[in-house]
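Visitor: Here it is, the structure in full.
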Amino acid sequence: MEAATNPALASLKDIQPPDVVASWPIAYGYWLTLTLLIMTIIAIFYRVKRQRRYSAPKRIVIAALKDLDPNHEAFSSQVNTLIKRAAMSYLPREQVAGLEGQDWYRWMDSQVKRPNSQLQQLLDKRYQREGLASGDALTLKSLAHQWLKEALPIKSNQVKSPQSSTEVSKC
């Protein structure tokens with residue numbers, strides 16, 4: 001026997017599933033998050049690039065110090081020149097180039113937290129006839145390396161003028 005068909009059911013159509021939900025366009029919150037992420041990555045990139053450019057003279061001078069021959073007769077003079085060249089990379093020439101003797105050593109001491117008088121004594125030997133012994137040259141090289149790593153890059157608000165301290169003490 002055949003099943004009786006209901007005329008009301010015959011007029012109904014099959015159930016239709018809804019259309020597939022597309023993944024695009026994504027919600028505004030995702031766009032905002034993506035934009036902030038890209039902007040953060042770009043800002044970090046430019047900051048790292050600027051920092052590398054700012055510390056480039058320090059890397060160059062330290063590499064030049066490593067290349068110096070400690071057995072050279074003018075080694076202490078070369079080290080002094082490298083330190084002064086490094087300082088002039090960060091400060092105006094007029095502020096550093098004219099410093100000599102005790103003013104230069106006071107300025108060097110003001111750039112580091114713990115000054116080392118042995119560095120000054122070894123740099124003073126550039127004016128002496130006998131110069132540096134081989135052990136002194138290696139010590140000078142390591143002390144200069146330590147000073148360069150600690151003092152550089154010189155920040156403009158960190159700079160203390162050695163003349164100002166002597167002028168104040170005279171008053």
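Chain lettering (A, B, ...) mirrors the order of the structure tokens, residue numbering begins at 1 for each chain separately, and ligand numbering begins at 1 in order of display.
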Using only C-alpha atoms, which protein or nucleic acid residues come within 9 Å of range 82-87 of chain A? Drop anything in the same chain fewer than 2 positions from it, and give the result as a list in words.
Guide: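 Near neighbours after the sequence-gap exclusion: Pro57, Lys58, Ile60, Val61, Ile62, Ala64, Leu65, Ser77, Gln78, Val79, Asn80, Ser89, Tyr90, Leu91, Pro92, Arg93, Val96, Ala97, Ala144, Trp147, Leu148, Leu152, Pro153 and Ile154 of chain A.
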Visitor: Write out as number ranges by chain the residues lying within 9 Å of Thr139 in chain A, counting only C-alpha atoms and excluding same-chain residues fewer than 3 positions away.
Guide: A: 118-119, 122, 134-136, 142-144
Visitor: How would the residues just picked look written out with N, CA, C and O atoms as a PDB file, in the first residue's frame?
Guide:
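Output (out.pdb):
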```pdb
ATOM      1  N   GLN A 118      95.748  54.626  36.396  1.00  0.00           N
ATOM      2  CA  GLN A 118      96.789  53.917  35.652  1.00  0.00           C
ATOM      3  C   GLN A 118      96.695  54.218  34.161  1.00  0.00           C
ATOM      4  O   GLN A 118      97.712  54.307  33.473  1.00  0.00           O
ATOM      5  N   LEU A 119      95.486  54.435  33.651  1.00  0.00           N
ATOM      6  CA  LEU A 119      95.315  54.809  32.252  1.00  0.00           C
ATOM      7  C   LEU A 119      96.002  56.137  31.974  1.00  0.00           C
ATOM      8  O   LEU A 119      96.707  56.278  30.977  1.00  0.00           O
ATOM      9  N   LEU A 122      99.842  55.667  31.951  1.00  0.00           N
ATOM     10  CA  LEU A 122     100.334  55.013  30.738  1.00  0.00           C
ATOM     11  C   LEU A 122     100.221  55.926  29.528  1.00  0.00           C
ATOM     12  O   LEU A 122     101.088  55.909  28.649  1.00  0.00           O
ATOM     13  N   SER A 134     106.533  46.270  27.106  1.00  0.00           N
ATOM     14  CA  SER A 134     105.546  45.433  26.414  1.00  0.00           C
ATOM     15  C   SER A 134     104.365  45.097  27.322  1.00  0.00           C
ATOM     16  O   SER A 134     103.227  45.054  26.875  1.00  0.00           O
ATOM     17  N   GLY A 135     104.615  44.867  28.589  1.00  0.00           N
ATOM     18  CA  GLY A 135     103.529  44.599  29.532  1.00  0.00           C
ATOM     19  C   GLY A 135     102.653  45.821  29.742  1.00  0.00           C
ATOM     20  O   GLY A 135     101.430  45.716  29.883  1.00  0.00           O
ATOM     21  N   ASP A 136     103.280  46.999  29.766  1.00  0.00           N
ATOM     22  CA  ASP A 136     102.520  48.239  29.908  1.00  0.00           C
ATOM     23  C   ASP A 136     101.631  48.486  28.687  1.00  0.00           C
ATOM     24  O   ASP A 136     100.530  49.010  28.819  1.00  0.00           O
ATOM     25  N   SER A 142      94.145  47.215  27.241  1.00  0.00           N
ATOM     26  CA  SER A 142      92.957  46.724  27.949  1.00  0.00           C
ATOM     27  C   SER A 142      92.250  47.850  28.709  1.00  0.00           C
ATOM     28  O   SER A 142      91.019  47.904  28.739  1.00  0.00           O
ATOM     29  N   LEU A 143      93.014  48.775  29.309  1.00  0.00           N
ATOM     30  CA  LEU A 143      92.399  49.899  30.013  1.00  0.00           C
ATOM     31  C   LEU A 143      91.677  50.839  29.045  1.00  0.00           C
ATOM     32  O   LEU A 143      90.589  51.349  29.347  1.00  0.00           O
ATOM     33  N   ALA A 144      92.270  51.062  27.884  1.00  0.00           N
ATOM     34  CA  ALA A 144      91.621  51.906  26.881  1.00  0.00           C
ATOM     35  C   ALA A 144      90.351  51.240  26.369  1.00  0.00           C
ATOM     36  O   ALA A 144      89.324  51.899  26.170  1.00  0.00           O
TER      37      ALA A 144
END
```
Visitor: Do you know which residues are at most 10 Å from Phe75 in chain A counting only C-alpha atoms, after dropping those on the same chain fewer than 5 positions away, and could you put them as a list in words?
Guide: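 Contacts, in chain order: Leu68, Asp69, Pro70, Asn80, Thr81, Leu123, Lys125, Arg126, Gly131, Leu132, Ala137, Leu140 and Lys141 of chain A.
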